[in-house]
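Here is the file query26.txt (compact mmCIF, C-alpha atoms).
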```
# COMPACT_ATOMS: atom_id res chain seq x y z
CA MET A 1 -77.84 136.17 33.56
CA ALA A 2 -74.42 134.59 33.00
CA ASP A 3 -74.29 130.84 32.54
CA LEU A 4 -72.45 129.57 35.63
CA HIS A 5 -71.31 126.50 33.66
CA ASP A 6 -70.06 128.41 30.60
CA PRO A 7 -66.52 127.05 30.05
CA SER A 8 -65.35 130.48 28.85
CA ARG A 9 -66.71 132.50 31.80
CA PRO A 10 -63.90 134.20 33.79
CA LEU A 11 -63.51 132.98 37.37
CA GLU A 12 -62.87 135.73 39.89
CA THR A 13 -64.12 134.53 43.28
CA PHE A 14 -64.00 131.26 45.18
CA GLU A 15 -67.75 130.88 44.73
CA ASP A 16 -67.23 130.90 40.95
CA LEU A 17 -65.44 127.54 41.26
CA LEU A 18 -68.28 125.64 42.90
CA PRO A 19 -70.81 125.31 40.04
CA TYR A 20 -68.48 122.74 38.50
CA PHE A 21 -69.09 120.39 41.45
CA ASP A 22 -72.75 121.37 41.81
CA ALA A 23 -73.32 119.76 38.40
CA GLY A 24 -72.29 116.38 39.83
CA PRO A 25 -75.23 115.02 41.85
CA LYS A 26 -77.62 112.77 39.92
CA PRO A 27 -80.69 110.73 40.84
CA LYS A 28 -79.87 107.10 41.53
CA SER A 29 -81.62 106.02 38.33
CA HIS A 30 -78.96 107.97 36.39
CA TRP A 31 -75.88 106.60 38.17
CA LYS A 32 -73.39 105.03 35.78
CA ILE A 33 -70.14 103.07 35.89
CA GLY A 34 -66.99 104.28 34.13
CA THR A 35 -63.88 102.10 33.93
CA GLU A 36 -60.41 103.16 32.84
CA HIS A 37 -57.43 100.93 32.35
CA GLU A 38 -53.87 101.31 31.12
CA LYS A 39 -51.52 98.76 29.58
CA PHE A 40 -47.90 98.65 28.44
CA GLY A 41 -47.11 98.17 24.76
CA PHE A 42 -44.07 96.12 23.76
CA TYR A 43 -42.62 94.65 20.59
CA LYS A 44 -43.07 90.91 20.42
CA GLY A 45 -39.73 89.15 20.40
CA SER A 46 -37.56 91.92 21.83
CA ASN A 47 -40.07 93.10 24.48
CA ALA A 48 -38.81 96.65 23.77
CA PRO A 49 -41.11 99.59 24.51
CA VAL A 50 -43.01 101.04 21.54
CA PRO A 51 -42.08 104.57 20.38
CA TYR A 52 -44.63 106.99 19.01
CA GLY A 53 -43.36 107.28 15.43
CA GLY A 54 -42.74 104.89 12.60
CA GLU A 55 -44.78 102.31 10.71
CA GLN A 56 -45.00 100.13 13.83
CA GLY A 57 -45.31 102.90 16.41
CA VAL A 58 -48.04 104.10 18.74
CA GLY A 59 -49.24 106.66 16.19
CA ALA A 60 -49.73 103.89 13.63
CA LEU A 61 -51.61 101.86 16.22
CA LEU A 62 -53.99 104.75 16.88
CA ASP A 63 -54.52 105.27 13.16
CA GLY A 64 -55.28 101.58 12.75
CA MET A 65 -57.78 101.64 15.61
CA LYS A 66 -59.40 104.73 14.12
CA ASN A 67 -59.92 103.01 10.79
CA LEU A 68 -60.99 99.68 12.29
CA SER A 69 -63.68 100.83 14.68
CA GLY A 70 -64.79 104.24 13.47
CA TRP A 71 -63.26 106.30 16.28
CA ASP A 72 -62.63 110.01 15.77
CA GLY A 73 -59.01 111.08 16.07
CA ILE A 74 -57.75 113.50 18.74
CA TYR A 75 -54.80 115.55 17.53
CA GLU A 76 -52.13 117.80 19.00
CA GLY A 77 -49.52 119.54 16.88
CA GLY A 78 -50.49 117.40 13.90
CA ASN A 79 -49.98 114.14 15.80
CA ILE A 80 -52.79 111.74 16.58
CA ILE A 81 -52.67 111.41 20.36
CA GLY A 82 -55.99 109.72 21.10
CA LEU A 83 -59.39 108.58 19.89
CA LYS A 84 -62.94 109.44 20.86
CA GLN A 85 -66.23 107.65 20.27
CA GLY A 86 -69.26 109.03 22.06
CA LEU A 87 -68.33 109.32 25.73
CA ALA A 88 -65.49 106.79 25.50
CA SER A 89 -61.91 107.67 24.64
CA ILE A 90 -58.52 106.08 24.06
CA THR A 91 -55.58 108.16 25.26
CA LEU A 92 -51.83 107.93 25.74
CA GLU A 93 -50.02 108.20 29.04
CA PRO A 94 -46.53 109.79 29.01
CA GLY A 95 -44.56 106.62 28.26
CA GLY A 96 -47.02 105.30 25.67
CA GLN A 97 -49.23 103.42 28.11
CA PHE A 98 -52.43 102.82 26.14
CA GLU A 99 -55.56 103.78 28.09
CA LEU A 100 -59.22 103.09 27.53
CA SER A 101 -61.53 105.52 29.32
CA GLY A 102 -64.76 103.65 28.98
CA ALA A 103 -68.22 105.09 28.41
CA PRO A 104 -70.55 105.56 31.41
CA LEU A 105 -72.49 102.28 31.53
CA GLU A 106 -75.46 101.00 33.53
CA HIS A 107 -74.13 97.70 34.87
CA LEU A 108 -71.03 95.58 35.15
CA HIS A 109 -71.99 93.14 32.44
CA GLN A 110 -71.76 96.03 29.98
CA THR A 111 -68.45 97.10 31.52
CA CYS A 112 -66.88 93.70 31.03
CA THR A 113 -68.20 93.47 27.47
CA GLU A 114 -66.70 96.90 26.73
CA VAL A 115 -63.30 95.92 28.13
CA GLY A 116 -63.29 92.64 26.20
CA ALA A 117 -64.28 94.31 22.92
CA HIS A 118 -61.60 96.96 23.36
CA LEU A 119 -58.86 94.40 24.00
CA ALA A 120 -59.99 92.42 20.96
CA ASP A 121 -59.84 95.51 18.75
CA VAL A 122 -56.42 96.43 20.10
CA ARG A 123 -55.12 92.95 19.38
CA THR A 124 -56.47 93.07 15.82
CA ILE A 125 -54.31 96.10 14.99
CA ALA A 126 -51.41 95.42 17.35
CA ASP A 127 -50.85 91.92 15.95
CA ARG A 128 -50.32 93.39 12.49
CA LEU A 129 -47.67 95.71 13.92
CA GLY A 130 -45.91 93.09 16.02
CA ILE A 131 -47.03 94.77 19.24
CA GLY A 132 -48.24 93.06 22.39
CA PHE A 133 -49.75 94.56 25.54
CA LEU A 134 -48.91 93.80 29.14
CA GLY A 135 -51.23 93.95 32.15
CA LEU A 136 -49.01 94.93 35.08
CA GLY A 137 -48.82 97.86 37.49
CA PHE A 138 -45.21 98.75 36.69
CA ASN A 139 -42.87 98.24 33.74
CA PRO A 140 -40.99 95.04 34.63
CA LYS A 141 -37.88 95.51 32.55
CA HIS A 142 -37.04 98.89 31.11
CA SER A 143 -35.32 101.87 32.70
CA ILE A 144 -36.89 105.27 32.48
CA GLU A 145 -34.24 106.31 29.95
CA GLU A 146 -35.38 103.55 27.60
CA ILE A 147 -39.02 104.65 27.51
CA PRO A 148 -40.06 107.17 24.84
CA LEU A 149 -42.03 110.34 25.62
CA MET A 150 -45.35 110.72 23.83
CA PRO A 151 -45.90 114.01 21.91
CA LYS A 152 -48.28 115.70 24.35
CA GLY A 153 -47.41 119.16 25.63
CA ARG A 154 -48.64 118.66 29.19
CA TYR A 155 -46.34 115.69 29.64
CA ILE A 156 -43.22 117.73 28.86
CA ILE A 157 -44.27 120.22 31.54
CA MET A 158 -44.96 117.45 34.06
CA ARG A 159 -41.71 115.63 33.28
CA ASP A 160 -39.65 118.76 33.92
CA TYR A 161 -41.52 119.70 37.13
CA MET A 162 -41.68 116.29 38.80
CA PRO A 163 -38.06 116.13 40.10
CA LYS A 164 -38.62 119.41 41.96
CA VAL A 165 -41.34 117.97 44.22
CA GLY A 166 -40.62 114.25 44.67
CA ARG A 167 -38.19 111.47 43.87
CA LEU A 168 -40.52 109.14 41.98
CA GLY A 169 -42.85 111.31 39.90
CA ARG A 170 -41.21 110.42 36.61
CA GLN A 171 -41.47 106.75 37.50
CA MET A 172 -45.22 107.26 37.90
CA MET A 173 -45.44 109.01 34.54
CA PHE A 174 -43.43 106.63 32.40
CA ARG A 175 -43.47 103.23 34.10
CA SER A 176 -46.80 102.72 35.88
CA CYS A 177 -50.23 101.42 34.84
CA THR A 178 -53.52 101.39 36.73
CA VAL A 179 -57.15 100.39 36.52
CA GLN A 180 -59.67 102.93 37.84
CA THR A 181 -63.41 103.21 38.23
CA ASN A 182 -65.54 106.35 38.15
CA LEU A 183 -68.83 106.42 40.05
CA ASP A 184 -71.66 108.91 40.63
CA PHE A 185 -73.27 110.32 43.77
CA GLY A 186 -76.74 111.55 44.55
CA SER A 187 -76.03 114.66 46.60
CA GLU A 188 -73.21 116.50 48.31
CA ALA A 189 -73.84 114.52 51.50
CA ASP A 190 -73.86 111.26 49.52
CA MET A 191 -70.59 112.27 47.91
CA VAL A 192 -69.00 112.74 51.33
CA LYS A 193 -70.04 109.26 52.53
CA LYS A 194 -68.81 107.63 49.34
CA PHE A 195 -65.57 109.62 49.36
CA GLN A 196 -64.86 108.47 52.93
CA VAL A 197 -65.54 104.80 52.19
CA ALA A 198 -63.58 104.81 48.94
CA LEU A 199 -60.61 106.69 50.37
CA ALA A 200 -60.28 104.63 53.55
CA LEU A 201 -60.56 101.36 51.62
CA GLN A 202 -58.32 102.35 48.72
CA PRO A 203 -55.30 100.59 50.34
CA ILE A 204 -57.39 97.41 50.60
CA ALA A 205 -57.99 97.62 46.86
CA THR A 206 -54.25 98.23 46.39
CA ALA A 207 -53.51 95.02 48.30
CA LEU A 208 -56.06 92.91 46.40
CA PHE A 209 -54.77 94.19 43.04
CA ALA A 210 -51.04 94.39 43.94
CA ASN A 211 -49.34 93.43 40.69
CA SER A 212 -46.06 95.30 40.30
CA PRO A 213 -43.22 93.33 41.91
CA PHE A 214 -40.63 93.79 39.14
CA GLY A 215 -38.46 96.61 37.86
CA GLU A 216 -35.49 96.69 35.50
CA GLY A 217 -35.55 92.93 35.08
CA ARG A 218 -35.68 91.77 38.70
CA PRO A 219 -37.83 91.88 41.85
CA ASN A 220 -38.04 95.43 43.18
CA GLY A 221 -38.78 94.56 46.82
CA PHE A 222 -42.43 95.57 46.67
CA LEU A 223 -45.74 93.92 45.88
CA SER A 224 -47.21 97.15 44.50
CA TYR A 225 -44.32 99.33 43.47
CA ARG A 226 -46.82 101.48 41.59
CA ALA A 227 -48.51 102.35 44.91
CA HIS A 228 -45.15 103.08 46.54
CA VAL A 229 -44.24 105.43 43.69
CA TRP A 230 -47.31 107.53 44.45
CA SER A 231 -46.09 108.02 48.03
CA ASP A 232 -43.13 110.09 46.76
CA THR A 233 -44.48 111.77 43.63
CA ASP A 234 -45.75 115.17 44.80
CA PRO A 235 -47.17 115.68 48.31
CA ASP A 236 -49.07 118.80 47.22
CA ARG A 237 -51.42 116.85 44.95
CA THR A 238 -51.45 113.25 46.19
CA GLY A 239 -52.37 111.22 49.25
CA MET A 240 -55.17 110.24 51.60
CA LEU A 241 -56.69 113.73 52.20
CA PRO A 242 -57.44 113.66 55.95
CA PHE A 243 -59.86 116.59 55.60
CA VAL A 244 -62.33 114.33 53.79
CA PHE A 245 -63.12 112.73 57.17
CA GLU A 246 -63.42 116.01 59.09
CA PRO A 247 -66.58 118.02 59.84
CA GLY A 248 -67.38 120.48 57.08
CA MET A 249 -66.28 118.23 54.22
CA GLY A 250 -68.11 119.05 51.00
CA PHE A 251 -67.58 120.50 47.55
CA ALA A 252 -66.20 123.76 48.94
CA ARG A 253 -63.65 122.00 51.17
CA TYR A 254 -62.31 119.96 48.27
CA ALA A 255 -62.22 123.07 46.10
CA GLN A 256 -60.17 124.87 48.76
CA TRP A 257 -57.64 122.03 48.74
CA ALA A 258 -57.51 121.87 44.93
CA LEU A 259 -57.13 125.64 44.68
CA ASP A 260 -53.87 125.40 46.62
CA VAL A 261 -52.46 122.59 44.48
CA PRO A 262 -49.72 124.20 42.35
CA MET A 263 -50.55 124.51 38.68
CA TYR A 264 -48.96 122.64 35.79
CA PHE A 265 -50.29 124.52 32.78
CA ALA A 266 -52.99 126.51 31.04
CA LYS A 267 -54.03 125.76 27.50
CA ARG A 268 -54.35 128.64 25.05
CA ASN A 269 -55.03 128.25 21.32
CA GLY A 270 -54.24 124.56 21.54
CA ILE A 271 -50.84 125.17 23.16
CA TYR A 272 -49.88 124.19 26.71
CA LEU A 273 -48.28 127.09 28.58
CA ASP A 274 -45.82 126.02 31.26
CA LEU A 275 -47.16 127.37 34.56
CA ALA A 276 -45.64 124.66 36.74
CA GLY A 277 -45.61 125.74 40.39
CA ARG A 278 -47.79 128.81 39.82
CA SER A 279 -50.77 129.57 42.06
CA PHE A 280 -54.32 129.23 40.77
CA ARG A 281 -55.24 131.93 43.30
CA ASP A 282 -52.83 134.31 41.57
CA PHE A 283 -54.34 133.27 38.24
CA MET A 284 -57.78 134.27 39.53
CA ALA A 285 -56.36 137.64 40.55
CA GLY A 286 -54.82 138.16 37.10
CA ARG A 287 -51.30 138.09 38.52
CA LEU A 288 -49.60 135.36 36.47
CA PRO A 289 -46.60 136.88 34.64
CA GLU A 290 -47.13 134.46 31.75
CA LEU A 291 -50.76 135.61 31.32
CA PRO A 292 -50.76 139.19 32.64
CA GLY A 293 -54.22 140.44 33.47
CA GLN A 294 -55.89 137.21 32.31
CA LYS A 295 -58.21 135.28 34.60
CA PRO A 296 -59.02 131.57 34.38
CA THR A 297 -62.15 130.13 32.86
CA MET A 298 -64.20 127.17 33.98
CA LYS A 299 -62.26 125.10 31.43
CA ASP A 300 -59.00 126.12 33.13
CA TRP A 301 -60.44 125.03 36.50
CA GLU A 302 -61.58 121.73 35.01
CA ASP A 303 -58.11 121.18 33.54
CA HIS A 304 -56.49 122.06 36.87
CA LEU A 305 -58.60 119.48 38.70
CA THR A 306 -57.18 116.79 36.39
CA THR A 307 -53.73 117.60 37.78
CA CYS A 308 -54.76 116.63 41.32
CA PHE A 309 -53.84 113.00 42.05
CA PRO A 310 -55.19 111.89 45.45
CA GLU A 311 -56.04 108.24 46.01
CA VAL A 312 -59.68 109.17 45.30
CA ARG A 313 -60.33 112.19 43.10
CA LEU A 314 -63.46 114.33 42.99
CA LYS A 315 -64.75 115.72 39.72
CA THR A 316 -68.45 115.62 38.91
CA PHE A 317 -68.04 111.98 39.97
CA LEU A 318 -65.59 110.09 42.17
CA GLU A 319 -62.53 108.34 40.74
CA MET A 320 -61.03 105.36 42.58
CA ARG A 321 -57.31 105.39 41.75
CA GLY A 322 -55.56 102.85 44.00
CA ALA A 323 -55.24 99.63 41.95
CA ASP A 324 -52.52 98.14 39.77
CA ALA A 325 -53.41 97.11 36.25
CA GLY A 326 -53.88 93.41 35.64
CA PRO A 327 -55.60 90.79 33.49
CA TRP A 328 -59.02 91.15 31.86
CA SER A 329 -60.80 89.52 34.78
CA ARG A 330 -59.44 92.01 37.34
CA LEU A 331 -60.23 94.95 35.07
CA CYS A 332 -63.87 93.98 35.62
CA ALA A 333 -63.36 93.26 39.32
CA LEU A 334 -62.34 96.77 40.35
CA PRO A 335 -65.62 98.45 39.34
CA ALA A 336 -67.47 95.47 40.83
CA LEU A 337 -65.79 96.07 44.19
CA PHE A 338 -66.68 99.75 44.41
CA VAL A 339 -70.11 99.52 42.77
CA GLY A 340 -70.98 96.94 45.40
CA LEU A 341 -69.76 99.24 48.19
CA LEU A 342 -71.11 102.56 46.91
CA TYR A 343 -74.25 101.96 44.83
CA ASP A 344 -76.34 100.36 47.59
CA ASP A 345 -77.18 102.45 50.66
CA ALA A 346 -77.04 99.54 53.11
CA ALA A 347 -73.64 98.47 51.79
CA THR A 348 -72.27 102.01 52.05
CA GLU A 349 -73.46 102.28 55.65
CA ALA A 350 -71.91 98.91 56.49
CA ALA A 351 -68.61 100.03 54.96
CA LEU A 352 -68.74 103.29 56.92
CA GLU A 353 -69.20 101.29 60.10
CA LEU A 354 -66.21 99.12 59.19
CA ILE A 355 -63.89 102.13 58.93
CA ARG A 356 -65.49 104.32 61.61
CA GLU A 357 -62.75 103.88 64.24
CA TRP A 358 -59.84 104.34 61.84
CA SER A 359 -57.86 107.52 62.48
CA ALA A 360 -55.97 109.54 59.89
CA GLU A 361 -52.80 107.92 61.20
CA ASP A 362 -54.32 104.45 60.81
CA ARG A 363 -55.34 105.15 57.22
CA GLU A 364 -51.95 106.59 56.31
CA SER A 365 -50.08 103.72 57.97
CA LEU A 366 -52.14 101.22 56.00
CA ARG A 367 -51.45 103.08 52.77
CA ARG A 368 -47.71 103.10 53.47
CA SER A 369 -47.42 99.43 54.47
CA VAL A 370 -49.59 97.80 51.80
CA PRO A 371 -47.07 98.28 48.95
CA PHE A 372 -44.55 96.15 50.94
CA LEU A 373 -46.81 93.78 52.83
CA GLY A 374 -49.91 93.42 50.68
CA LEU A 375 -52.67 91.61 52.54
CA ARG A 376 -50.42 91.15 55.59
CA ALA A 377 -50.45 94.90 56.29
CA PRO A 378 -51.84 95.71 59.76
CA ILE A 379 -54.78 97.98 60.54
CA LYS A 380 -56.24 98.44 64.06
CA GLY A 381 -55.18 95.01 65.29
CA ARG A 382 -56.35 93.25 62.13
CA SER A 383 -54.74 92.43 58.80
CA ALA A 384 -55.62 93.87 55.42
CA GLN A 385 -56.65 90.30 54.53
CA ASP A 386 -59.23 90.27 57.35
CA VAL A 387 -60.61 93.62 56.25
CA ALA A 388 -60.63 92.58 52.59
CA LYS A 389 -62.84 89.59 53.39
CA ASP A 390 -65.29 91.85 55.20
CA VAL A 391 -65.21 94.40 52.38
CA LEU A 392 -65.91 91.74 49.77
CA ASP A 393 -68.84 90.42 51.79
CA ILE A 394 -70.31 93.93 51.93
CA ALA A 395 -69.68 94.50 48.22
CA ARG A 396 -71.36 91.20 47.36
CA GLN A 397 -74.45 92.19 49.33
CA GLY A 398 -74.51 95.52 47.51
CA LEU A 399 -74.22 93.91 44.09
CA ARG A 400 -76.86 91.33 44.92
CA ALA A 401 -79.25 94.11 45.95
CA ARG A 402 -78.81 95.79 42.55
CA GLN A 403 -80.35 92.78 40.75
CA GLN A 404 -78.59 93.45 37.47
CA PHE A 405 -78.67 90.23 35.43
CA ASN A 406 -77.03 89.21 32.18
CA ALA A 407 -78.65 87.11 29.46
CA SER A 408 -77.76 83.94 31.35
CA GLY A 409 -79.50 85.15 34.50
CA ASP A 410 -76.29 85.81 36.44
CA ASP A 411 -76.09 88.86 38.68
CA GLU A 412 -72.98 91.03 39.09
CA THR A 413 -71.49 89.18 42.08
CA GLY A 414 -69.48 86.83 39.87
CA TYR A 415 -67.08 89.64 39.04
CA LEU A 416 -65.82 89.49 42.63
CA SER A 417 -64.83 85.80 42.42
CA GLU A 418 -61.16 86.36 41.67
CA LEU A 419 -60.89 88.87 44.52
CA ASP A 420 -62.57 86.38 46.86
CA GLU A 421 -59.92 83.82 46.00
CA ILE A 422 -57.09 86.33 46.53
CA ALA A 423 -58.49 87.41 49.90
CA ALA A 424 -59.07 83.81 51.04
CA SER A 425 -55.51 82.78 50.16
CA GLY A 426 -53.86 85.93 51.50
CA GLN A 427 -51.57 85.83 48.49
CA THR A 428 -51.52 88.86 46.20
CA PRO A 429 -51.13 88.57 42.42
CA ALA A 430 -47.61 89.98 42.88
CA GLU A 431 -46.63 87.16 45.23
CA ARG A 432 -47.82 84.62 42.68
CA LEU A 433 -45.67 86.25 40.02
CA LEU A 434 -42.68 86.26 42.36
CA ALA A 435 -43.17 82.53 43.00
CA LEU A 436 -43.10 81.92 39.25
CA TYR A 437 -40.01 84.14 38.84
CA HIS A 438 -38.10 82.24 41.51
CA GLY A 439 -39.49 78.89 40.35
CA GLU A 440 -40.34 77.81 36.83
CA TRP A 441 -39.16 81.05 35.19
CA ALA A 442 -35.70 80.56 36.75
CA GLY A 443 -35.23 84.32 37.05
CA ASP A 444 -36.02 85.05 33.39
CA ILE A 445 -38.09 88.26 33.37
CA SER A 446 -39.00 87.77 29.70
CA GLU A 447 -41.49 85.13 30.86
CA VAL A 448 -43.67 87.87 32.33
CA TYR A 449 -44.35 89.11 28.80
CA LYS A 450 -45.94 85.75 28.06
CA GLN A 451 -47.71 85.24 31.40
CA CYS A 452 -49.22 88.74 31.67
CA ALA A 453 -49.86 89.72 28.05
CA TYR A 454 -53.45 90.32 26.97
```
Show me the file's structure as structure tokens.
Amino acid sequence: MADLHDPSRPLETFEDLLPYFDAGPKPKSHWKIGTEHEKFGFYKGSNAPVPYGGEQGVGALLDGMKNLSGWDGIYEGGNIIGLKQGLASITLEPGGQFELSGAPLEHLHQTCTEVGAHLADVRTIADRLGIGFLGLGFNPKHSIEEIPLMPKGRYIIMRDYMPKVGRLGRQMMFRSCTVQTNLDFGSEADMVKKFQVALALQPIATALFANSPFGEGRPNGFLSYRAHVWSDTDPDRTGMLPFVFEPGMGFARYAQWALDVPMYFAKRNGIYLDLAGRSFRDFMAGRLPELPGQKPTMKDWEDHLTTCFPEVRLKTFLEMRGADAGPWSRLCALPALFVGLLYDDAATEAALELIREWSAEDRESLRRSVPFLGLRAPIKGRSAQDVAKDVLDIARQGLRARQQFNASGDDETGYLSELDEIAASGQTPAERLLALYHGEWAGDISEVYKQCAY
């Protein structure tokens, strides 16, 4: 009998796509926490973006990290483009944004230790090269023309395709940074509940983490410009996915949506083939002119799913994708928020009750208004600030129920403290930066490289 999960097995029918998702559900005792975060590199002194090449470039930084911490190099076309160590990896986004994709961990204390150790290692090598790193959701100073492209084949394909489907896709690629968390589910039904909670509340996370008020050296008119950019990147592969809240939602429904997302590429013999705009359905029928008669494999399907960018993404786990990057403390706070909501049954049910009366129009309106208004954004007669307070209360109850303690006897609820303070004040991180810009910085954007550097 053929192995349904064999990455080389040809996919010919819709049913062939589903074993990928069927591998997702895990018993609660095996649920883990994955955290990803991106950061902007810059040269100390000039604040210029860091190119790939040269003795002080991104490639040299990766080589230094490889030698310092025993990571294995990931290569493409002879260039080191990332690092891997166990289930953790370090990768490059299109404009050189440096990303840690953390290992799946058991509790938030481990997550925060991992993030801190990574930033310390990065500083060890970056300091030698005169490089600093910035924790913001959007590049505060440099135009897209000033930012170098990293040597990864898929990014060339994406760069060339983006202007055909939206105005701001290249801004997303080259000038944005995020923090994400990846969480497990116990069954298909459990996935649906968690997907609904995470998707409806993603704009609340966007408001709490809003941290991208600058662009090209001045205020850009937004609190989370990164979130606004996603609203005009590519409607075929982004957004709030109303079908997630409809009857019949499950693995097959998500697969149907993903199947109709236009392709970017297929990888053959280590080379990315430009298939931008092609249909995965035609690929399954062997009708792609670039690959005549060839049918996709499970690896092609897995790659295709990585080119879908909704606010919450389904793989064999759920990815929460709505938050701006920020300081070390908020890198730990994002997984804390969603672990609290999604890893305790009572908390998940309470969150479902909180969002139960929200319509698709309500959810979309909240998503659209949060980038401008932050915690002042309206939702069903309330403000995002009101909802955020409720959400944090639910998350705290969920974390408390987990009873995961560190060596000092503290549970995981402390990682929500900064979000509690933001929600209580109603002032987003972006608004605090704007107050500094208009106040003690006297309009000097270079100060952000001191205030927000790791």
> Mind pulling up the distance from atom CA of A:Ser187 to atom CA of A:Gly24?
Replying inline: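 Taking atom CA of A:Gly24 as the start and atom CA of A:Ser187 as the end point, the length is 7.9 Å.
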> Contacts of stretch 166-171 of chain A at 9 Å or less, counting all atoms listed in the file, minus same-chain residues fewer than 6 places along, as a list of chain:residue names?
Replying inline: A:Phe138, A:Ile144, A:Met158, A:Arg159, A:Asp160, A:Arg226, A:His228, A:Val229, A:Trp230, A:Ser231, A:Asp232, A:Thr233, A:Asp234, A:Pro235
> Counting all atoms listed in the file, what is within 7 Å of A:Met284, bar same-chain residues fewer than 4 positions away, as a PyMOL selection string?
Replying inline: chain A and resi 11-12+280+295-296
Could you save the residues just selected, with C-alpha atoms, as a compact mmCIF listing (two decimals), keeping the file's coordinate frame?
```txt
# COMPACT_ATOMS: atom_id res chain seq x y z
CA LEU A 11 -63.51 132.98 37.37
CA GLU A 12 -62.87 135.73 39.89
CA PHE A 280 -54.32 129.23 40.77
CA LYS A 295 -58.21 135.28 34.60
CA PRO A 296 -59.02 131.57 34.38
```
What are the closest atom pairs, with distances in Å to one decimal, for all residues of stretch 144-231 of chain A lying within 12 Å of stretch 100-112 of chain A? Consider all atoms listed in the file, order rows by chain and residue number, and present the result as a Markdown table.
```
| residue | atom | partner | partner_atom | distance |
| --- | --- | --- | --- | --- |
| A:Cys177 | CA | A:Leu100 | CA | 11.7 |
| A:Thr178 | CA | A:Leu100 | CA | 11.0 |
| A:Val179 | CA | A:Leu100 | CA | 9.6 |
| A:Gln180 | CA | A:Ser101 | CA | 9.1 |
| A:Thr181 | CA | A:Gly102 | CA | 9.4 |
| A:Asn182 | CA | A:Pro104 | CA | 8.4 |
| A:Leu183 | CA | A:Pro104 | CA | 8.9 |
| A:Asp184 | CA | A:Pro104 | CA | 9.9 |
```
> Any idea what's packed within 10 Å of A:Gly53, counting all atoms listed in the file, ignoring anything in its chain fewer than 5 positions away? Could you give it as a list in words?
Replying inline: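 Neighbouring residues, sequence-local ones excluded: Val58, Gly59, Ala60, Leu61, Asn79, Pro148, Met150 and Pro151 of chain A.
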> Hey, which of A:Glu145, A:Asp190, A:Glu76, A:Glu99 ends up closest to A:Pro49? Count only C-alpha atoms.
Replying inline: A:Glu145
Set out as JSON lines a contact list for stretch 182-202 of chain A and stretch 15-22 of chain A with a cut-off of 12 Å, giving each residue of stretch 182-202 of chain A that qualifies its closest atom pair and distance in Å to one decimal, counting all atoms listed in the file, ordered by chain and rising residue number.
```
{"residue": "A:Asp184", "atom": "CA", "partner": "A:Phe21", "partner_atom": "CA", "distance": 11.8}
{"residue": "A:Phe185", "atom": "CA", "partner": "A:Phe21", "partner_atom": "CA", "distance": 11.1}
{"residue": "A:Gly186", "atom": "CA", "partner": "A:Asp22", "partner_atom": "CA", "distance": 10.9}
{"residue": "A:Ser187", "atom": "CA", "partner": "A:Asp22", "partner_atom": "CA", "distance": 8.9}
{"residue": "A:Glu188", "atom": "CA", "partner": "A:Asp22", "partner_atom": "CA", "distance": 8.1}
{"residue": "A:Ala189", "atom": "CA", "partner": "A:Asp22", "partner_atom": "CA", "distance": 11.9}
{"residue": "A:Met191", "atom": "CA", "partner": "A:Phe21", "partner_atom": "CA", "distance": 10.5}
```
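Note that the spacing between atom CA of A:Gly54 and atom CA of A:Gly135 amounts to 24.0 Å.
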> At a cut-off of 10 Å from (-53.6, 112.5, 15.3) in the coordinates of the file, what residues are picked up using only C-alpha atoms, written as a list in words?
Replying inline: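 With a cut-off of 10 Å, the residues come to Gly59, Ala60, Leu62, Asp63, Lys66, Asp72, Gly73, Ile74, Tyr75, Glu76, Gly77, Gly78, Asn79, Ile80, Ile81, Gly82 and Leu83 of chain A.
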For the residues in the current selection, export C-alpha atoms as a JSON list (two decimals), in the coordinates of the input.
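So the final result, stored in selection_22.json, reads:
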```json
[["chain", "number", "residue", "atom", "x", "y", "z"],
["A", 59, "GLY", "CA", -49.24, 106.66, 16.19],
["A", 60, "ALA", "CA", -49.73, 103.89, 13.63],
["A", 62, "LEU", "CA", -53.99, 104.75, 16.88],
["A", 63, "ASP", "CA", -54.52, 105.27, 13.16],
["A", 66, "LYS", "CA", -59.40, 104.73, 14.12],
["A", 72, "ASP", "CA", -62.63, 110.01, 15.77],
["A", 73, "GLY", "CA", -59.01, 111.08, 16.07],
["A", 74, "ILE", "CA", -57.75, 113.50, 18.74],
["A", 75, "TYR", "CA", -54.80, 115.55, 17.53],
["A", 76, "GLU", "CA", -52.13, 117.80, 19.00],
["A", 77, "GLY", "CA", -49.52, 119.54, 16.88],
["A", 78, "GLY", "CA", -50.49, 117.40, 13.90],
["A", 79, "ASN", "CA", -49.98, 114.14, 15.80],
["A", 80, "ILE", "CA", -52.79, 111.74, 16.58],
["A", 81, "ILE", "CA", -52.67, 111.41, 20.36],
["A", 82, "GLY", "CA", -55.99, 109.72, 21.10],
["A", 83, "LEU", "CA", -59.39, 108.58, 19.89]]
```
>> Using all atoms listed in the file, can you tell me which of A:Ile379, A:Leu341, A:Leu305, A:Ala453 comes closest to A:Trp358?
In response: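 Looking at the shortest contact to A:Trp358, the residue is A:Ile379.
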> Within 12 Å of A:Lys141, counting only C-alpha atoms, which residues qualify if same-chain residues fewer than 2 places away don't, as an MDAnalysis selection string?
Replying inline: chainID A and resid 40 42 46:49 134 136 138:139 143:147 175:176 212:220 444:449
> Given the choices A:Pro327, A:Ala200, A:Ile157, A:Thr35, which gets closest to A:Met263 if the distance is worked out from all atoms listed in the file?
Replying inline: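 Distance minimum relative to A:Met263 lands on A:Ile157.
Distances to A:Arg237 were evaluated for A:Pro310, A:Pro335, A:Gly250, A:Gly293 using all atoms listed in the file, and the minimum falls at A:Pro310.
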